2 protein chains.
Amino acid sequence: MTSPHHPDPRRILCLGMPVLDMTFRVADVPVRGAKIQASRLDRICGGNAPNAAVAIARLGGRARLAGPMGDAGEHGMEFVSDQLGPEGIETQHLVHVAGAVTPVSTILIDATGERTGITYRDPTLWTVELPASDLLLDGVDAILTENRCASFVVATCAAARDRGLAVVVDADRAMPADEPLLQVATHVIFSAEALRATAGADDLTAALRRLAGLTKAFLAVTDGDQGAFWLDRDGAAHHTPAFHVQAVDTLGAGDVFHGAFALAIAEGSDLEPALRFAAAAAALKCSRFGGAFAAPQRPEVEAFLTR
Amino acid sequence: MTSPHHPDPRRILCLGMPVLDMTFRVADVPVRGAKIQASRLDRICGGNAPNAAVAIARLGGRARLAGPMGDAGEHGMEFVSDQLGPEGIETQHLVHVAGAVTPVSTILIDATGERTGITYRDPTLWTVELPASDLLLDGVDAILTENRCASFVVATCAAARDRGLAVVVDADRAMPADEPLLQVATHVIFSAEALRATAGADDLTAALRRLAGLTKAFLAVTDGDQGAFWLDRDGAAHHTPAFHVQAVDTLGAGDVFHGAFALAIAEGSDLEPALRFAAAAAALKCSRFGGAFAAPQRPEVEAFLTR
């Protein structure tokens, strides 16, 4: 991924759900029953897919975002287009679900940069029907989605597979062995917690091996500053270390990783450089505040990789 | 306080700050680094003084609310008048501070009803200048305020004292020995944490005795389901137990206590029945969801006290 910016930007369809992230900067996470003060509050558009879309756009790709949003609730919805529009993200396929409220997260960013989150998602959002796959996939080179949204994204992911596109799945929570996404995915990147819960194994490499029997997809897991573990096509285990930075805000770091990885794959990168590229983008993100809006530009990542 | 509803409602001036309380219902408070789901989210107008104002209005008094609010921020300010207006609270003396954002709290209500809070308050709000005391005090029988707001309420409290009115102070955080509010207050009700921090003593009665040298005000402390401890005019210590209820939401319970107490004092009640009335109102509040909007009506409290 030290090659110059791809001359023909690849477009990634990001399927997921915008979230209003209320980020409170605090000294520590409060103990039960305490009342604490925050030194700062920001309201930013978050959510796995929107965060990844921001990273993709910053890294020189094109990002199209589709999924459900609310049409009710006092905080309005203008924060999504207000914040994603200037990033050049295509938001016209977001679906406003009648009577639903856009998800809201409280994110506590503590003095070490660690994020702790509480999210409310209106159950009505899961009833969304996405636009036709032909419309969503027009001009698209790859899909990135999150397994939380499996119920409404599988059809579009299957259509993408029929077209020979990469389908990258961010597995952020445990899933059953018969999860259809495992069959349509080309690449599944787990969080450490979701992998352990899905595989029922503590050791991350052992957990990946256990799941390899359930899917033909490339399997990887990210474990924060421990880096990423993954299996190659022959089932051999590999480790891509994380780049060490002074972390001030880890919010969205995993999403930036997934976005960068999906873009690299869409650009034809091999797995190992794609993972290194993703790790570099995520590390740079952690070094500054702002959730995914702290994601780096392409030249920053390339400079970082050639240090 | 088992007497019938006071024929001539007393008006309490509540000085403080409205807060947008985002209440998330959760199983438990998250550990650092975790991401958890909330089963419900409500956006309610909170803050010590507004909560007390709701309780006063429900209990048959009149409540006038004054203090600073933001004029910026995506969540708007309509939630204050939208929610307090129907309660009959006089909000015309709230001051919109140019460039400031209304305070926002995330409140986690766990399965036991305990509340854990994170609050952001824009420092610009402390520069507020309240309307003239003559205007604020017109038709007012007592003041209720919070020591957090000392910087902008002392003048109005002093003017109230000159008129012979009760000035009830909710001491929700530690204060210095030379805090001017201690001189103008007629009644100071501490939270246990604030009392310990102010007096530098762990035992609540000992802490009250230590502070008795600094003020002529009536001194009390509330300690959740342990009830209230207080000193009579001769310095003797007393205990008013809490009423035990199945708590589902303790948010605002202290504020309801203060509002009920201030109203009872304004109605001419003696101390002990005023404290019992306040404890009953707070207990009923804890038995249902909704922050201070779960405060009881007067007949409910009277029925509860004669069980």
# chains A, B, ... in the order shown; residues from 1 in each chain; ligands from 1
call {"tool": "residues_around", "arguments": {"residues": "Arg11 of chain A", "least_positions_apart": "6", "cutoff": "6 Å", "atoms": "only C-alpha atoms", "output": "VMD selection string"}}
result
chain A and resid 61 to 63 140 to 141
call {"tool": "interface_residues", "arguments": {"of": "chain B", "to": "chain A", "cutoff": "9 Å", "atoms": "only C-alpha atoms", "output": "mmCIF file with N, CA and C atoms, in the first residue's frame"}}
result
data_model
loop_
_atom_site.group_PDB
_atom_site.id
_atom_site.type_symbol
_atom_site.label_atom_id
_atom_site.label_comp_id
_atom_site.auth_asym_id
_atom_site.auth_seq_id
_atom_site.Cartn_x
_atom_site.Cartn_y
_atom_site.Cartn_z
ATOM 1 N N PHE B 24 -30.742 6.666 30.133
ATOM 2 C CA PHE B 24 -30.581 5.366 29.485
ATOM 3 C C PHE B 24 -30.881 4.283 30.527
ATOM 4 N N ARG B 25 -31.802 3.383 30.193
ATOM 5 C CA ARG B 25 -32.038 2.265 31.114
ATOM 6 C C ARG B 25 -31.123 1.116 30.736
ATOM 7 N N VAL B 26 -30.345 0.675 31.707
ATOM 8 C CA VAL B 26 -29.318 -0.345 31.468
ATOM 9 C C VAL B 26 -29.401 -1.410 32.560
ATOM 10 N N ASP B 28 -26.626 -2.743 33.952
ATOM 11 C CA ASP B 28 -25.550 -2.370 34.878
ATOM 12 C C ASP B 28 -24.780 -1.190 34.306
ATOM 13 N N VAL B 29 -24.047 -0.515 35.164
ATOM 14 C CA VAL B 29 -23.115 0.513 34.706
ATOM 15 C C VAL B 29 -21.955 -0.196 33.988
ATOM 16 N N PRO B 30 -21.557 0.270 32.790
ATOM 17 C CA PRO B 30 -20.505 -0.447 32.056
ATOM 18 C C PRO B 30 -19.148 -0.337 32.732
ATOM 19 N N VAL B 31 -18.339 -1.374 32.568
ATOM 20 C CA VAL B 31 -16.949 -1.271 32.999
ATOM 21 C C VAL B 31 -16.187 -0.516 31.911
ATOM 22 N N ARG B 32 -15.075 0.061 32.303
ATOM 23 C CA ARG B 32 -14.250 0.834 31.381
ATOM 24 C C ARG B 32 -13.923 0.002 30.136
ATOM 25 N N GLY B 33 -14.137 0.607 28.975
ATOM 26 C CA GLY B 33 -13.799 -0.059 27.710
ATOM 27 C C GLY B 33 -14.929 -0.872 27.116
ATOM 28 N N ALA B 34 -16.008 -1.093 27.880
ATOM 29 C CA ALA B 34 -17.118 -1.917 27.376
ATOM 30 C C ALA B 34 -18.038 -1.100 26.478
ATOM 31 N N LYS B 35 -18.788 -1.819 25.648
ATOM 32 C CA LYS B 35 -19.878 -1.202 24.882
ATOM 33 C C LYS B 35 -21.140 -1.944 25.287
ATOM 34 N N ILE B 36 -22.110 -1.231 25.827
ATOM 35 C CA ILE B 36 -23.333 -1.903 26.274
ATOM 36 C C ILE B 36 -24.557 -1.289 25.601
ATOM 37 N N GLN B 37 -25.664 -2.037 25.672
ATOM 38 C CA GLN B 37 -26.913 -1.600 25.065
ATOM 39 C C GLN B 37 -27.855 -1.084 26.149
ATOM 40 N N ALA B 38 -28.621 -0.067 25.796
ATOM 41 C CA ALA B 38 -29.679 0.427 26.687
ATOM 42 C C ALA B 38 -31.013 -0.056 26.145
ATOM 43 N N SER B 39 -31.942 -0.378 27.052
ATOM 44 C CA SER B 39 -33.245 -0.869 26.599
ATOM 45 C C SER B 39 -34.207 0.282 26.318
ATOM 46 N N ARG B 40 -33.848 1.470 26.799
ATOM 47 C CA ARG B 40 -34.743 2.609 26.594
ATOM 48 C C ARG B 40 -33.963 3.893 26.793
ATOM 49 N N LEU B 41 -34.401 4.928 26.077
ATOM 50 C CA LEU B 41 -33.797 6.252 26.224
ATOM 51 C C LEU B 41 -34.920 7.278 26.313
ATOM 52 N N ARG B 43 -35.520 11.606 26.967
ATOM 53 C CA ARG B 43 -34.892 12.928 27.066
ATOM 54 C C ARG B 43 -35.805 13.788 27.925
ATOM 55 N N GLU B 74 -27.329 21.573 19.308
ATOM 56 C CA GLU B 74 -28.286 20.951 18.403
ATOM 57 C C GLU B 74 -29.585 20.546 19.065
ATOM 58 N N HIS B 75 -29.541 20.286 20.389
ATOM 59 C CA HIS B 75 -30.752 19.731 20.983
ATOM 60 C C HIS B 75 -31.805 20.793 21.256
ATOM 61 N N GLY B 76 -31.477 22.057 20.969
ATOM 62 C CA GLY B 76 -32.461 23.117 21.129
ATOM 63 C C GLY B 76 -32.810 23.334 22.580
ATOM 64 N N PHE B 79 -37.111 21.794 24.789
ATOM 65 C CA PHE B 79 -37.469 20.734 25.743
ATOM 66 C C PHE B 79 -37.789 21.315 27.119
ATOM 67 N N VAL B 104 -25.964 19.151 29.531
ATOM 68 C CA VAL B 104 -26.462 17.834 29.119
ATOM 69 C C VAL B 104 -25.914 16.795 30.101
ATOM 70 N N SER B 105 -26.806 15.941 30.585
ATOM 71 C CA SER B 105 -26.391 14.814 31.427
ATOM 72 C C SER B 105 -26.765 13.510 30.753
ATOM 73 N N THR B 106 -25.867 12.548 30.832
ATOM 74 C CA THR B 106 -26.246 11.165 30.569
ATOM 75 C C THR B 106 -26.500 10.531 31.930
ATOM 76 N N ILE B 107 -27.691 9.964 32.093
ATOM 77 C CA ILE B 107 -28.049 9.310 33.348
ATOM 78 C C ILE B 107 -28.291 7.840 33.053
ATOM 79 N N LEU B 108 -27.552 6.977 33.717
ATOM 80 C CA LEU B 108 -27.763 5.540 33.574
ATOM 81 C C LEU B 108 -28.649 5.097 34.736
ATOM 82 N N ASP B 110 -29.999 1.878 36.439
ATOM 83 C CA ASP B 110 -29.747 0.441 36.370
ATOM 84 C C ASP B 110 -30.911 -0.355 36.946
ATOM 85 N N GLU B 114 -30.847 2.608 40.789
ATOM 86 C CA GLU B 114 -29.782 3.572 41.105
ATOM 87 C C GLU B 114 -29.450 4.370 39.848
ATOM 88 N N ARG B 115 -29.131 5.650 40.032
ATOM 89 C CA ARG B 115 -28.749 6.484 38.903
ATOM 90 C C ARG B 115 -27.282 6.855 39.009
ATOM 91 N N THR B 116 -26.622 6.859 37.853
ATOM 92 C CA THR B 116 -25.220 7.219 37.723
ATOM 93 C C THR B 116 -25.168 8.280 36.638
ATOM 94 N N GLY B 117 -24.510 9.406 36.902
ATOM 95 C CA GLY B 117 -24.638 10.515 35.961
ATOM 96 C C GLY B 117 -23.317 11.120 35.519
ATOM 97 N N ILE B 118 -23.304 11.567 34.297
ATOM 98 C CA ILE B 118 -22.168 12.297 33.723
ATOM 99 C C ILE B 118 -22.749 13.587 33.139
ATOM 100 N N THR B 119 -22.263 14.729 33.600
ATOM 101 C CA THR B 119 -22.850 16.007 33.187
ATOM 102 C C THR B 119 -21.810 16.914 32.569
ATOM 103 N N TYR B 120 -22.172 17.529 31.462
ATOM 104 C CA TYR B 120 -21.354 18.585 30.893
ATOM 105 C C TYR B 120 -22.071 19.910 31.093
ATOM 106 N N ARG B 121 -21.384 20.866 31.717
ATOM 107 C CA ARG B 121 -21.924 22.220 31.881
ATOM 108 C C ARG B 121 -20.969 23.199 31.206
ATOM 109 N N ASP B 122 -21.496 23.953 30.279
ATOM 110 C CA ASP B 122 -20.727 24.963 29.561
ATOM 111 C C ASP B 122 -20.285 26.038 30.560
#
call {"tool": "atom_distance", "arguments": {"atom1": "atom CA of Glu90 of chain B", "atom2": "atom CA of Met69 of chain B"}}
result
14.7 Å
call {"tool": "calpha_fit_and_write", "arguments": {"fixed": "chain A", "moving": "chain B", "output": "short mmCIF file (atom, residue, chain, number, x, y, z; two decimals) with C-alpha atoms, in the first residue's frame"}}
result
data_model
loop_
_atom_site.label_atom_id
_atom_site.label_comp_id
_atom_site.auth_asym_id
_atom_site.auth_seq_id
_atom_site.Cartn_x
_atom_site.Cartn_y
_atom_site.Cartn_z
CA MET B 1 -0.06 0.09 0.13
CA THR B 2 2.92 2.33 -0.41
CA SER B 3 1.79 2.70 -4.02
CA PRO B 4 0.52 6.12 -5.03
CA HIS B 5 -3.12 7.00 -4.56
CA HIS B 6 -5.23 4.77 -6.81
CA PRO B 7 -5.92 6.74 -10.01
CA ASP B 8 -9.51 5.49 -10.28
CA PRO B 9 -11.09 5.75 -6.81
CA ARG B 10 -12.90 2.63 -5.71
CA ARG B 11 -16.42 2.95 -4.31
CA ILE B 12 -17.36 1.04 -1.16
CA LEU B 13 -20.98 0.52 -0.19
CA CYS B 14 -21.14 0.81 3.61
CA LEU B 15 -24.26 -0.83 5.03
CA GLY B 16 -25.12 -0.01 8.62
CA MET B 17 -26.72 2.57 10.84
CA PRO B 18 -25.84 6.16 11.72
CA VAL B 19 -25.68 6.84 15.45
CA LEU B 20 -25.65 10.15 17.30
CA ASP B 21 -22.50 9.81 19.41
CA MET B 22 -22.52 12.12 22.42
CA THR B 23 -18.85 12.05 23.44
CA PHE B 24 -18.18 13.16 27.02
CA ARG B 25 -14.57 13.68 28.04
CA VAL B 26 -14.11 12.48 31.60
CA ALA B 27 -11.25 11.69 33.96
CA ASP B 28 -12.60 8.20 34.66
CA VAL B 29 -15.66 6.06 34.07
CA PRO B 30 -18.02 6.71 37.03
CA VAL B 31 -18.68 4.07 39.64
CA ARG B 32 -22.29 3.06 40.13
CA GLY B 33 -24.27 5.76 41.93
CA ALA B 34 -21.71 8.54 41.33
CA LYS B 35 -22.35 11.88 39.66
CA ILE B 36 -19.35 13.13 37.71
CA GLN B 37 -18.53 16.13 35.54
CA ALA B 38 -17.38 16.05 31.92
CA SER B 39 -14.89 18.64 30.69
CA ARG B 40 -16.27 18.60 27.16
CA LEU B 41 -19.17 17.30 25.12
CA ASP B 42 -19.28 16.81 21.35
CA ARG B 43 -22.16 15.51 19.25
CA ILE B 44 -20.83 13.59 16.30
CA CYS B 45 -22.25 11.27 13.69
CA GLY B 46 -20.97 7.81 14.54
CA GLY B 47 -21.89 4.17 14.02
CA ASN B 48 -19.69 1.46 12.52
CA ALA B 49 -20.59 1.95 8.87
CA PRO B 50 -20.62 5.78 8.91
CA ASN B 51 -17.26 5.80 10.72
CA ALA B 52 -15.81 3.45 8.11
CA ALA B 53 -17.28 5.62 5.34
CA VAL B 54 -15.46 8.67 6.72
CA ALA B 55 -12.19 6.74 6.76
CA ILE B 56 -12.70 5.50 3.18
CA ALA B 57 -13.40 9.01 1.92
CA ARG B 58 -10.35 10.40 3.74
CA LEU B 59 -8.20 7.64 2.26
CA GLY B 60 -9.14 8.52 -1.30
CA GLY B 61 -11.99 6.10 -1.89
CA ARG B 62 -15.64 6.83 -2.48
CA ALA B 63 -18.11 5.82 0.20
CA ARG B 64 -21.83 5.21 -0.22
CA LEU B 65 -23.80 4.78 2.99
CA ALA B 66 -27.11 2.91 3.21
CA GLY B 67 -29.18 1.80 6.17
CA PRO B 68 -31.99 2.94 8.47
CA MET B 69 -32.36 6.21 10.36
CA GLY B 70 -35.10 7.58 12.57
CA ASP B 71 -37.67 10.13 11.58
CA ALA B 72 -38.52 11.17 15.12
CA GLY B 73 -36.68 12.34 18.21
CA GLU B 74 -35.68 15.76 19.40
CA HIS B 75 -32.12 15.67 18.17
CA GLY B 76 -33.24 15.67 14.55
CA MET B 77 -31.41 13.97 11.77
CA GLU B 78 -29.61 16.88 10.22
CA PHE B 79 -26.45 15.93 12.13
CA VAL B 80 -25.93 13.01 9.73
CA SER B 81 -25.98 14.95 6.48
CA ASP B 82 -24.39 18.00 8.15
CA GLN B 83 -21.38 15.94 9.16
CA LEU B 84 -21.13 13.31 6.41
CA GLY B 85 -21.93 15.62 3.49
CA PRO B 86 -18.70 17.63 3.76
CA GLU B 87 -16.76 14.35 3.72
CA GLY B 88 -18.20 13.62 0.27
CA ILE B 89 -20.11 10.54 1.46
CA GLU B 90 -23.14 9.53 -0.62
CA THR B 91 -26.06 9.47 1.83
CA GLN B 92 -29.03 9.47 -0.53
CA HIS B 93 -29.77 5.79 0.15
CA LEU B 94 -30.29 6.18 3.89
CA VAL B 95 -33.86 5.13 4.68
CA HIS B 96 -36.01 7.13 7.11
CA VAL B 97 -38.01 4.60 9.12
CA ALA B 98 -41.42 5.96 10.09
CA GLY B 99 -41.84 6.42 13.83
CA ALA B 100 -38.28 5.39 14.67
CA VAL B 101 -35.64 7.33 16.55
CA THR B 102 -32.04 7.47 15.29
CA PRO B 103 -29.73 5.51 17.63
CA VAL B 104 -28.00 7.52 20.36
CA SER B 105 -24.76 6.58 22.12
CA THR B 106 -23.16 8.13 25.13
CA ILE B 107 -19.41 7.66 24.75
CA LEU B 108 -17.12 8.35 27.69
CA ILE B 109 -13.57 9.16 26.58
CA ASP B 110 -11.31 8.87 29.60
CA ALA B 111 -7.86 10.27 30.30
CA THR B 112 -6.19 7.27 28.65
CA GLY B 113 -8.21 7.66 25.44
CA GLU B 114 -10.23 4.51 26.14
CA ARG B 115 -13.88 4.72 25.12
CA THR B 116 -16.80 3.25 27.04
CA GLY B 117 -20.19 3.31 25.36
CA ILE B 118 -23.88 2.99 26.09
CA THR B 119 -26.13 2.79 23.02
CA TYR B 120 -29.86 2.88 22.56
CA ARG B 121 -31.17 1.50 19.26
CA ASP B 122 -34.87 1.75 18.50
CA PRO B 123 -36.02 -1.81 17.65
CA THR B 124 -38.20 -0.37 14.87
CA LEU B 125 -35.04 0.35 12.88
CA TRP B 126 -34.55 -3.36 12.17
CA THR B 127 -37.72 -3.37 10.06
CA VAL B 128 -36.04 -1.22 7.41
CA GLU B 129 -36.18 -2.29 3.79
CA LEU B 130 -33.17 -1.15 1.82
CA PRO B 131 -33.48 0.10 -1.77
CA ALA B 132 -33.04 -2.47 -4.56
CA SER B 133 -29.60 -4.05 -4.70
CA ASP B 134 -29.12 -2.96 -8.32
CA LEU B 135 -29.48 0.65 -7.25
CA LEU B 136 -27.23 0.28 -4.21
CA LEU B 137 -24.53 -1.62 -6.08
CA ASP B 138 -24.40 0.63 -9.13
CA GLY B 139 -20.75 1.62 -9.55
CA VAL B 140 -19.72 -0.17 -6.35
CA ASP B 141 -16.47 -2.14 -6.02
CA ALA B 142 -16.94 -3.72 -2.58
CA ILE B 143 -19.30 -3.86 0.41
CA LEU B 144 -18.49 -3.22 4.05
CA THR B 145 -21.13 -4.08 6.61
CA GLU B 146 -21.57 -5.00 10.28
CA ASN B 147 -23.06 -8.26 11.48
CA ARG B 148 -25.45 -6.38 13.80
CA CYS B 149 -27.32 -5.44 10.61
CA ALA B 150 -27.44 -8.96 9.13
CA SER B 151 -31.25 -8.99 9.06
CA PHE B 152 -31.47 -6.32 6.40
CA VAL B 153 -28.16 -6.53 4.52
CA VAL B 154 -27.84 -10.20 3.52
CA ALA B 155 -29.75 -9.86 0.24
CA THR B 156 -27.61 -6.96 -0.94
CA CYS B 157 -24.44 -8.78 0.15
CA ALA B 158 -25.52 -11.89 -1.77
CA ALA B 159 -26.16 -9.77 -4.88
CA ALA B 160 -22.68 -8.28 -4.49
CA ARG B 161 -21.14 -11.75 -4.30
CA ASP B 162 -22.97 -12.70 -7.49
CA ARG B 163 -21.17 -9.78 -9.13
CA GLY B 164 -17.85 -11.02 -7.79
CA LEU B 165 -17.40 -8.15 -5.34
CA ALA B 166 -15.64 -8.34 -1.98
CA VAL B 167 -18.02 -8.38 1.01
CA VAL B 168 -16.19 -7.33 4.17
CA VAL B 169 -18.05 -7.96 7.42
CA ASP B 170 -17.25 -6.20 10.69
CA ALA B 171 -18.26 -8.82 13.28
CA ASP B 172 -18.76 -6.63 16.32
CA ARG B 173 -21.00 -8.98 18.26
CA ALA B 174 -21.41 -12.72 18.65
CA MET B 175 -23.22 -14.55 15.88
CA PRO B 176 -24.74 -18.01 15.50
CA ALA B 177 -22.93 -20.69 13.46
CA ASP B 178 -25.68 -20.57 10.84
CA GLU B 179 -25.48 -16.79 10.36
CA PRO B 180 -26.13 -16.29 6.61
CA LEU B 181 -23.60 -13.43 6.50
CA LEU B 182 -20.84 -16.03 7.04
CA GLN B 183 -21.81 -17.59 3.70
CA VAL B 184 -21.94 -14.39 1.66
CA ALA B 185 -18.91 -12.69 3.23
CA THR B 186 -15.52 -12.74 1.54
CA HIS B 187 -13.74 -11.26 4.58
CA VAL B 188 -14.87 -11.30 8.21
CA ILE B 189 -13.00 -9.18 10.75
CA PHE B 190 -14.03 -9.84 14.33
CA SER B 191 -13.57 -7.79 17.45
CA ALA B 192 -11.80 -9.91 20.08
CA GLU B 193 -14.88 -10.02 22.29
CA ALA B 194 -17.22 -11.00 19.44
CA LEU B 195 -14.82 -13.69 18.22
CA ARG B 196 -14.50 -15.27 21.66
CA ALA B 197 -18.26 -15.24 22.13
CA THR B 198 -18.93 -16.64 18.65
CA ALA B 199 -16.32 -19.40 18.77
CA GLY B 200 -16.55 -20.21 22.46
CA ALA B 201 -12.76 -20.11 22.76
CA ASP B 202 -10.50 -17.69 24.59
CA ASP B 203 -7.38 -17.97 22.45
CA LEU B 204 -7.93 -15.79 19.41
CA THR B 205 -6.06 -17.94 16.90
CA ALA B 206 -7.79 -21.09 18.16
CA ALA B 207 -11.11 -19.27 17.87
CA LEU B 208 -10.38 -18.28 14.27
CA ARG B 209 -9.49 -21.89 13.42
CA ARG B 210 -12.72 -23.11 14.98
CA LEU B 211 -14.75 -20.76 12.74
CA ALA B 212 -12.79 -21.62 9.60
CA GLY B 213 -15.00 -24.68 9.17
CA LEU B 214 -18.11 -22.51 8.94
CA THR B 215 -17.14 -20.14 6.14
CA LYS B 216 -14.87 -19.77 3.14
CA ALA B 217 -14.27 -16.12 4.02
CA PHE B 218 -10.92 -14.70 5.08
CA LEU B 219 -10.99 -14.55 8.91
CA ALA B 220 -9.24 -12.00 11.09
CA VAL B 221 -9.62 -10.47 14.53
CA THR B 222 -8.50 -7.08 15.85
CA ASP B 223 -7.47 -6.82 19.48
CA GLY B 224 -6.76 -3.14 20.06
CA ASP B 225 -3.12 -2.40 20.68
CA GLN B 226 -2.33 -6.12 20.48
CA GLY B 227 -2.83 -5.90 16.73
CA ALA B 228 -4.64 -8.24 14.33
CA PHE B 229 -4.51 -12.03 14.05
CA TRP B 230 -5.57 -13.78 10.85
CA LEU B 231 -5.53 -17.02 8.90
CA ASP B 232 -4.12 -17.27 5.40
CA ARG B 233 -5.70 -19.35 2.60
CA ASP B 234 -3.89 -22.44 3.87
CA GLY B 235 -5.13 -21.95 7.42
CA ALA B 236 -1.78 -20.74 8.76
CA ALA B 237 -2.00 -18.13 11.53
CA HIS B 238 -0.39 -14.70 11.17
CA HIS B 239 -0.07 -11.60 13.31
CA THR B 240 -0.05 -7.99 12.14
CA PRO B 241 1.10 -5.84 15.06
CA ALA B 242 -0.60 -2.56 15.93
CA PHE B 243 1.41 0.61 15.48
CA HIS B 244 2.04 2.23 18.83
CA VAL B 245 0.91 5.79 19.26
CA GLN B 246 -0.03 8.01 22.19
CA ALA B 247 -3.75 7.23 22.21
CA VAL B 248 -6.10 10.06 23.18
CA ASP B 249 -9.35 8.75 21.66
CA THR B 250 -9.93 5.18 20.51
CA LEU B 251 -13.55 5.83 19.48
CA GLY B 252 -14.06 4.57 15.94
CA ALA B 253 -10.56 3.08 15.62
CA GLY B 254 -11.94 -0.35 14.74
CA ASP B 255 -14.25 1.15 12.13
CA VAL B 256 -11.39 3.09 10.55
CA PHE B 257 -9.45 -0.19 10.41
CA HIS B 258 -12.34 -1.91 8.61
CA GLY B 259 -12.86 0.98 6.19
CA ALA B 260 -9.17 1.13 5.28
CA PHE B 261 -9.00 -2.63 4.88
CA ALA B 262 -12.07 -2.77 2.62
CA LEU B 263 -10.70 0.05 0.46
CA ALA B 264 -7.32 -1.66 0.14
CA ILE B 265 -8.97 -4.95 -0.86
CA ALA B 266 -11.15 -3.12 -3.43
CA GLU B 267 -7.94 -1.60 -4.83
CA GLY B 268 -6.53 -5.09 -5.33
CA SER B 269 -4.11 -5.13 -2.42
CA ASP B 270 -2.82 -8.37 -0.99
CA LEU B 271 -3.99 -9.29 2.51
CA GLU B 272 -0.87 -8.49 4.49
CA PRO B 273 -0.32 -4.97 3.12
CA ALA B 274 -4.05 -4.29 3.41
CA LEU B 275 -3.91 -5.18 7.10
CA ARG B 276 -0.84 -3.01 7.64
CA PHE B 277 -2.52 -0.12 5.84
CA ALA B 278 -5.59 -0.57 8.04
CA ALA B 279 -3.50 -0.75 11.22
CA ALA B 280 -1.69 2.45 10.30
CA ALA B 281 -4.93 4.31 9.58
CA ALA B 282 -6.41 3.15 12.90
CA ALA B 283 -3.29 4.12 14.86
CA LEU B 284 -3.25 7.63 13.40
CA LYS B 285 -6.94 7.98 14.26
CA CYS B 286 -6.24 7.09 17.91
CA SER B 287 -3.67 9.85 18.18
CA ARG B 288 -6.34 12.58 17.98
CA PHE B 289 -9.84 13.39 19.21
CA GLY B 290 -13.03 13.26 17.21
CA GLY B 291 -14.11 9.65 16.69
CA ALA B 292 -13.85 8.73 13.01
CA PHE B 293 -13.57 12.41 12.13
CA ALA B 294 -10.01 12.05 13.35
CA ALA B 295 -9.33 9.51 10.57
CA PRO B 296 -6.20 10.33 8.54
CA GLN B 297 -5.84 11.37 4.92
CA ARG B 298 -4.15 8.95 2.50
CA PRO B 299 -0.78 10.78 2.36
CA GLU B 300 -0.53 10.71 6.16
CA VAL B 301 -0.95 6.94 6.21
CA GLU B 302 1.55 6.46 3.44
CA ALA B 303 4.09 8.67 5.20
CA PHE B 304 3.46 6.81 8.46
CA LEU B 305 4.08 3.45 6.77
CA THR B 306 7.41 4.55 5.33
CA ARG B 307 8.76 6.02 8.61
#
call {"tool": "select_by_dssp", "arguments": {"residues": "segment 4-53 of chain B", "states": "alpha helix (DSSP H)", "output": "PyMOL selection string"}}
result
chain B and resi 48-53
call {"tool": "write_last_selection", "arguments": {"atoms": "N, CA, C and O atoms", "output": "tab-separated table (two decimals), in the first residue's frame"}}
result
chain	number	residue	atom	x	y	z
B	48	ASN	N	-31.23	20.27	39.28
B	48	ASN	CA	-31.75	20.30	40.65
B	48	ASN	C	-32.95	21.23	40.80
B	48	ASN	O	-34.01	20.82	41.31
B	49	ALA	N	-32.81	22.48	40.37
B	49	ALA	CA	-33.88	23.44	40.58
B	49	ALA	C	-35.12	23.11	39.74
B	49	ALA	O	-36.25	23.15	40.27
B	50	PRO	N	-34.96	22.76	38.46
B	50	PRO	CA	-36.17	22.39	37.69
B	50	PRO	C	-36.86	21.16	38.29
B	50	PRO	O	-38.10	21.12	38.35
B	51	ASN	N	-36.09	20.17	38.74
B	51	ASN	CA	-36.71	18.99	39.36
B	51	ASN	C	-37.51	19.39	40.60
B	51	ASN	O	-38.64	18.93	40.81
B	52	ALA	N	-36.91	20.25	41.43
B	52	ALA	CA	-37.62	20.70	42.63
B	52	ALA	C	-38.86	21.48	42.25
B	52	ALA	O	-39.91	21.37	42.90
B	53	ALA	N	-38.78	22.27	41.18
B	53	ALA	CA	-39.94	23.07	40.74
B	53	ALA	C	-41.09	22.15	40.34
B	53	ALA	O	-42.25	22.43	40.66
call {"tool": "select_by_dssp", "arguments": {"residues": "segment 199-248 of chain B", "states": "strand (DSSP E)", "output": "number ranges by chain"}}
result
B: 218-222, 228-231, 237-240
